[in-house]
Amino acid sequence: AIGHFFHSWFDTSTTINAASSQLVESHANWSAHRFVAAQGQFQSGSGADVPTKSFLVYRGPAQYQATAPSSAFFYYNCAANVMELTAEAGQLVRASFDFVGRDYARIAATTPTFPTPQGFLWNSVSLSIAGAGTAIYQSLTVRGDNKLEGIPKLDGRLRPDLVKRNGFREIQVNGRLTWQNDTDYDRFVNGSEQQVQLYFSTEGGSFELLVDVPRMRYSTFPLGIGGPGFLTVDFTGRGVYDHGSGSAMTVTLVNTRINAYRVNSNA
């Protein structure tokens, strides 16, 4: 289900057969979906700088939802603004998305259908820094901000007509690591940039997720000593646009959805 949200946050997306994915072997029932934070600006016809989504939210007493003609809130032309993906030791992988919408209506409720929940555990996460695996991180959060704002017009409406960027997109990589060597501190001092890859998988590899920030630079690296305990560093970093890959961040999601996310379930 997270692919629907990724599709709205990123500029471009492609869906390829799993046989050409580096994450999985060929399988007729899998597809690899690649989402790219490129330099796209306007999605033609949508009125927003990223692809939009619609949300149907049920509110009110359950006994009225199936009969009342206005028992659901329908939000449409919603664009993903802020995204966060967090992996923390001892926890399920969590994601959150903030949306900026353009309008809503009250409509009759429909019969809901829900996907089977699939989650990534902390022990299925691996992290690579500068092409080498590392196990000193306790938590990592990748945050992206599209800098979207609703823009109203003198068109007789109370709600915005456009959702546009009003600043440069920001990619942040924040987290906590245990102090075991000088490697990452030296990267901070030298202002060097390195690739960060965060990989998730379920048991058996049927579902996979790869977050790739091609150039990350540490912004803060506060190495303090607060007492007799072991040393940890709560660092912040930022992703820099990489001209070689044409992206500031890419996400590859492998799952059993064959259709691209830019079309509905019936293609």
# chains A, B, ... in the order shown; residues from 1 in each chain; ligands from 1
$ residues_around --residues "A:Ser219" --least-positions-apart "3" --cutoff "7 Å" --atoms "only C-alpha atoms" --output "ChimeraX atom specification"
/A:236-238
$ residues_around --residues "A:Pro117" --least-positions-apart "5" --cutoff "12 Å" --atoms "only C-alpha atoms" --output "ChimeraX atom specification"
/A:1-2,207
$ select_by_dssp --residues "stretch 16-231 of chain A" --states "strand (DSSP E)" --output "NGL selection string"
:A and (16-17 or 31-37 or 52-58 or 72-88 or 94-100 or 103-107 or 125-129 or 132-134 or 137-145 or 148-151 or 162-165 or 170-178 or 194-201 or 208-220)
$ residues_around --residues "stretch 167-181 of chain A" --least-positions-apart "3" --cutoff "7 Å" --atoms "only C-alpha atoms" --output "list in words"
Ile136, Tyr137, Gln138, Ser139, Leu140, Thr141, Val142, Arg143, Gly144, Asp145, Asn146, Lys147, Leu231, Thr232, Val233, Asp234, Phe235, Thr236, Gly237, Arg238 and Gly239 of chain A
$ write_last_selection --atoms "C-alpha atoms" --output "PDB file, in the first residue's frame"
ATOM      1  CA  ILE A 136      26.534   0.985  14.214  1.00  0.00           C
ATOM      2  CA  TYR A 137      23.238   2.795  13.621  1.00  0.00           C
ATOM      3  CA  GLN A 138      20.420   2.426  16.138  1.00  0.00           C
ATOM      4  CA  SER A 139      17.824   4.391  14.166  1.00  0.00           C
ATOM      5  CA  LEU A 140      17.541   6.201  10.862  1.00  0.00           C
ATOM      6  CA  THR A 141      14.877   8.516   9.477  1.00  0.00           C
ATOM      7  CA  VAL A 142      14.717   9.635   5.854  1.00  0.00           C
ATOM      8  CA  ARG A 143      12.594  12.762   5.516  1.00  0.00           C
ATOM      9  CA  GLY A 144      11.571  14.570   2.355  1.00  0.00           C
ATOM     10  CA  ASP A 145       9.810  17.920   2.085  1.00  0.00           C
ATOM     11  CA  ASN A 146       8.317  18.985  -1.249  1.00  0.00           C
ATOM     12  CA  LYS A 147       7.684  22.555  -0.024  1.00  0.00           C
ATOM     13  CA  LEU A 231      28.498   7.143  23.623  1.00  0.00           C
ATOM     14  CA  THR A 232      25.778   7.814  21.074  1.00  0.00           C
ATOM     15  CA  VAL A 233      25.501  10.542  18.455  1.00  0.00           C
ATOM     16  CA  ASP A 234      22.154  12.024  17.363  1.00  0.00           C
ATOM     17  CA  PHE A 235      23.226  13.299  13.961  1.00  0.00           C
ATOM     18  CA  THR A 236      21.465  15.197  11.193  1.00  0.00           C
ATOM     19  CA  GLY A 237      22.278  15.113   7.513  1.00  0.00           C
ATOM     20  CA  ARG A 238      20.932  16.261   4.176  1.00  0.00           C
ATOM     21  CA  GLY A 239      20.648  14.709   0.767  1.00  0.00           C
TER      22      GLY A 239
END
$ select_by_dssp --residues "stretch 140-259 of chain A" --states "alpha helix (DSSP H)" --output "compact mmCIF listing (two decimals) with C-alpha atoms, in the first residue's frame"
# COMPACT_ATOMS: atom_id res chain seq x y z
CA THR A 183 34.95 7.05 10.35
CA ASP A 184 31.66 8.96 10.34
CA TYR A 185 33.05 11.78 12.46
CA ASP A 186 35.83 12.28 9.92
CA ARG A 187 33.22 12.42 7.15
CA PHE A 188 31.44 15.16 9.08
CA VAL A 189 34.64 17.16 9.69
CA ASN A 190 35.76 16.85 6.07
$ closest_residue --among "A:Arg262, A:Arg102, A:His243, A:Arg257" --to "A:Ala48" --atoms "only C-alpha atoms"
A:Arg102
$ residues_around --residues "stretch 6-8 of chain A" --least-positions-apart "3" --cutoff "7 Å" --atoms "only C-alpha atoms" --output "NGL selection string"
:A and (2-3 or 13 or 35 or 50-53 or 79-80 or 261)
$ write_last_selection --atoms "N, CA, C and O atoms" --output "tab-separated table (two decimals), in the first residue's frame"
chain	number	residue	atom	x	y	z
A	2	ILE	N	2.08	1.19	0.50
A	2	ILE	CA	2.90	2.40	0.59
A	2	ILE	C	3.26	2.96	-0.77
A	2	ILE	O	3.54	4.15	-0.92
A	3	GLY	N	3.19	2.13	-1.81
A	3	GLY	CA	3.51	2.62	-3.15
A	3	GLY	C	2.58	3.72	-3.61
A	3	GLY	O	2.99	4.61	-4.37
A	13	SER	N	7.80	7.89	-11.84
A	13	SER	CA	7.78	6.50	-11.41
A	13	SER	C	7.74	5.60	-12.63
A	13	SER	O	7.16	5.95	-13.65
A	35	PHE	N	10.62	4.89	-7.88
A	35	PHE	CA	10.16	6.26	-7.71
A	35	PHE	C	11.38	7.17	-7.60
A	35	PHE	O	12.30	6.88	-6.84
A	50	VAL	N	3.17	17.47	-8.16
A	50	VAL	CA	3.37	16.03	-8.03
A	50	VAL	C	2.03	15.34	-8.32
A	50	VAL	O	0.98	15.98	-8.27
A	51	PRO	N	2.03	14.04	-8.60
A	51	PRO	CA	0.77	13.34	-8.85
A	51	PRO	C	-0.15	13.42	-7.63
A	51	PRO	O	0.31	13.38	-6.48
A	52	THR	N	-1.43	13.53	-7.88
A	52	THR	CA	-2.39	13.72	-6.79
A	52	THR	C	-3.14	12.43	-6.48
A	52	THR	O	-3.21	11.51	-7.30
A	53	LYS	N	-3.71	12.39	-5.27
A	53	LYS	CA	-4.48	11.23	-4.80
A	53	LYS	C	-5.82	11.71	-4.25
A	53	LYS	O	-6.00	12.89	-3.96
A	79	ALA	N	-1.90	16.33	-2.77
A	79	ALA	CA	-0.50	16.12	-3.16
A	79	ALA	C	0.34	15.87	-1.91
A	79	ALA	O	0.21	16.58	-0.91
A	80	ALA	N	1.22	14.86	-1.98
A	80	ALA	CA	2.07	14.51	-0.84
A	80	ALA	C	3.14	15.57	-0.65
A	80	ALA	O	3.91	15.87	-1.56
A	261	TYR	N	1.65	2.20	-10.41
A	261	TYR	CA	0.85	2.99	-9.47
A	261	TYR	C	0.22	4.21	-10.11
A	261	TYR	O	-0.65	4.83	-9.53
$ residues_around --residues "A:Leu158" --least-positions-apart "4" --cutoff "12 Å" --atoms "only C-alpha atoms" --output "short mmCIF file (atom, residue, chain, number, x, y, z; two decimals) with N, CA and C atoms, in the first residue's frame"
data_model
loop_
_atom_site.label_atom_id
_atom_site.label_comp_id
_atom_site.auth_asym_id
_atom_site.auth_seq_id
_atom_site.Cartn_x
_atom_site.Cartn_y
_atom_site.Cartn_z
N ARG A 102 -6.81 20.13 -2.41
CA ARG A 102 -7.41 21.28 -3.09
C ARG A 102 -8.91 21.39 -2.88
N ASP A 103 -9.57 20.27 -2.52
CA ASP A 103 -11.02 20.37 -2.35
C ASP A 103 -11.54 19.12 -1.65
N TYR A 104 -12.81 19.20 -1.23
CA TYR A 104 -13.45 18.04 -0.62
C TYR A 104 -14.94 18.14 -0.84
N GLY A 150 -0.80 25.48 -1.00
CA GLY A 150 -2.02 25.71 -1.75
C GLY A 150 -2.10 27.16 -2.19
N ILE A 151 -2.45 27.39 -3.46
CA ILE A 151 -2.51 28.73 -4.02
C ILE A 151 -3.95 29.04 -4.44
N PRO A 152 -4.62 29.93 -3.72
CA PRO A 152 -5.98 30.29 -4.10
C PRO A 152 -5.98 31.31 -5.25
N LYS A 153 -7.10 31.39 -5.93
CA LYS A 153 -7.28 32.36 -7.02
C LYS A 153 -8.59 33.11 -6.82
N LEU A 154 -8.74 34.18 -7.55
CA LEU A 154 -10.00 34.93 -7.53
C LEU A 154 -10.98 34.26 -8.48
#
$ residues_around --residues "A:Ile129" --least-positions-apart "5" --cutoff "7 Å" --atoms "only C-alpha atoms" --output "list in words"
Thr134, Gln194, Gln195, Val196 and Gln197 of chain A
$ closest_residue --among "A:Ser192, A:Ser71, A:Ser31, A:Gln91" --to "A:Tyr58" --atoms "only C-alpha atoms"
A:Ser71
$ closest_residue --among "A:Phe5, A:Trp30, A:Val213, A:Phe10" --to "A:Asp242" --atoms "only C-alpha atoms"
A:Val213
$ atom_distance --atom1 "atom CA of A:Ser128" --atom2 "atom CA of A:Ser201"
14.5 Å
$ residues_around --residues "A:Phe74" --least-positions-apart "4" --cutoff "9 Å" --atoms "only C-alpha atoms" --output "list in words"
Ser54, Phe55, Leu56, Val57, Tyr58, Asp103, Tyr104, Ala105, Arg106 and Ile107 of chain A
$ write_last_selection --atoms "N, CA and C atoms" --output "compact mmCIF listing (two decimals), in the first residue's frame"
# COMPACT_ATOMS: atom_id res chain seq x y z
N SER A 54 -6.74 10.77 -4.10
CA SER A 54 -8.03 11.03 -3.48
C SER A 54 -8.18 10.14 -2.25
N PHE A 55 -8.88 10.66 -1.23
CA PHE A 55 -9.07 9.94 0.03
C PHE A 55 -10.55 9.97 0.40
N LEU A 56 -11.06 8.81 0.74
CA LEU A 56 -12.43 8.69 1.22
C LEU A 56 -12.36 8.33 2.70
N VAL A 57 -12.83 9.23 3.55
CA VAL A 57 -12.71 9.07 5.00
C VAL A 57 -14.10 8.93 5.59
N TYR A 58 -14.32 7.83 6.32
CA TYR A 58 -15.61 7.61 6.97
C TYR A 58 -15.61 8.30 8.33
N ASP A 103 -9.57 20.27 -2.52
CA ASP A 103 -11.02 20.37 -2.35
C ASP A 103 -11.54 19.12 -1.65
N TYR A 104 -12.81 19.20 -1.23
CA TYR A 104 -13.45 18.04 -0.62
C TYR A 104 -14.94 18.14 -0.84
N ALA A 105 -15.61 16.99 -0.68
CA ALA A 105 -17.07 16.92 -0.82
C ALA A 105 -17.60 15.90 0.16
N ARG A 106 -18.90 15.97 0.44
CA ARG A 106 -19.58 14.96 1.24
C ARG A 106 -20.30 14.03 0.28
N ILE A 107 -20.03 12.75 0.37
CA ILE A 107 -20.65 11.79 -0.54
C ILE A 107 -21.12 10.58 0.27
$ closest_residue --among "A:Pro160, A:Tyr199, A:Asn255, A:Ala130" --to "A:Pro214" --atoms "only C-alpha atoms"
A:Ala130
$ atom_distance --atom1 "atom CA of A:Thr252" --atom2 "atom CA of A:Ile16"
10.3 Å
$ decode --residues "stretch 218-244 of chain A" --atoms "N, CA and C atoms" --output "short mmCIF file (atom, residue, chain, number, x, y, z; two decimals), in the first residue's frame"
data_model
loop_
_atom_site.label_atom_id
_atom_site.label_comp_id
_atom_site.auth_asym_id
_atom_site.auth_seq_id
_atom_site.Cartn_x
_atom_site.Cartn_y
_atom_site.Cartn_z
N TYR A 218 26.72 14.99 6.31
CA TYR A 218 26.36 15.25 7.70
C TYR A 218 26.27 16.76 7.93
N SER A 219 25.17 17.19 8.57
CA SER A 219 25.01 18.60 8.93
C SER A 219 25.47 18.86 10.36
N THR A 220 25.09 18.00 11.28
CA THR A 220 25.53 18.10 12.68
C THR A 220 25.95 16.71 13.15
N PHE A 221 26.94 16.68 14.02
CA PHE A 221 27.45 15.42 14.55
C PHE A 221 27.87 15.66 16.00
N PRO A 222 26.90 15.87 16.91
CA PRO A 222 27.21 16.27 18.28
C PRO A 222 27.74 15.11 19.12
N LEU A 223 29.04 15.04 19.26
CA LEU A 223 29.66 13.99 20.05
C LEU A 223 29.90 14.53 21.45
N GLY A 224 28.99 14.20 22.37
CA GLY A 224 29.12 14.68 23.73
C GLY A 224 29.23 13.53 24.71
N ILE A 225 29.75 13.83 25.89
CA ILE A 225 29.90 12.84 26.96
C ILE A 225 29.03 13.29 28.12
N GLY A 226 27.97 12.52 28.42
CA GLY A 226 27.04 12.91 29.45
C GLY A 226 27.17 12.14 30.74
N GLY A 227 28.08 11.20 30.80
CA GLY A 227 28.21 10.40 32.00
C GLY A 227 28.93 9.10 31.70
N PRO A 228 28.73 8.08 32.52
CA PRO A 228 29.47 6.84 32.37
C PRO A 228 28.93 5.91 31.29
N GLY A 229 27.80 6.25 30.67
CA GLY A 229 27.21 5.37 29.68
C GLY A 229 27.98 5.35 28.38
N PHE A 230 27.59 4.43 27.50
CA PHE A 230 28.25 4.36 26.19
C PHE A 230 27.84 5.56 25.36
N LEU A 231 28.68 5.92 24.39
CA LEU A 231 28.50 7.14 23.62
C LEU A 231 27.58 6.90 22.43
N THR A 232 26.63 7.80 22.26
CA THR A 232 25.78 7.81 21.07
C THR A 232 25.80 9.20 20.47
N VAL A 233 25.51 9.27 19.17
CA VAL A 233 25.50 10.54 18.45
C VAL A 233 24.15 10.66 17.74
N ASP A 234 23.40 11.72 18.06
CA ASP A 234 22.15 12.02 17.36
C ASP A 234 22.48 13.01 16.25
N PHE A 235 22.73 12.49 15.07
CA PHE A 235 23.23 13.30 13.96
C PHE A 235 22.08 13.76 13.07
N THR A 236 22.36 14.77 12.27
CA THR A 236 21.46 15.20 11.19
C THR A 236 22.28 15.27 9.91
N GLY A 237 21.62 15.04 8.81
CA GLY A 237 22.28 15.11 7.51
C GLY A 237 21.29 15.55 6.45
N ARG A 238 21.80 15.85 5.28
CA ARG A 238 20.93 16.26 4.18
C ARG A 238 21.36 15.59 2.89
N GLY A 239 20.38 15.28 2.07
CA GLY A 239 20.65 14.71 0.77
C GLY A 239 20.88 15.80 -0.26
N VAL A 240 21.87 15.62 -1.11
CA VAL A 240 22.24 16.60 -2.13
C VAL A 240 21.88 16.01 -3.50
N TYR A 241 21.35 16.84 -4.38
CA TYR A 241 21.01 16.38 -5.73
C TYR A 241 22.26 15.86 -6.44
N ASP A 242 22.14 14.68 -7.01
CA ASP A 242 23.26 14.03 -7.69
C ASP A 242 23.04 14.11 -9.19
N HIS A 243 23.93 14.83 -9.88
CA HIS A 243 23.77 15.01 -11.32
C HIS A 243 24.00 13.71 -12.07
N GLY A 244 24.83 12.84 -11.53
CA GLY A 244 25.09 11.58 -12.22
C GLY A 244 23.86 10.71 -12.34
#
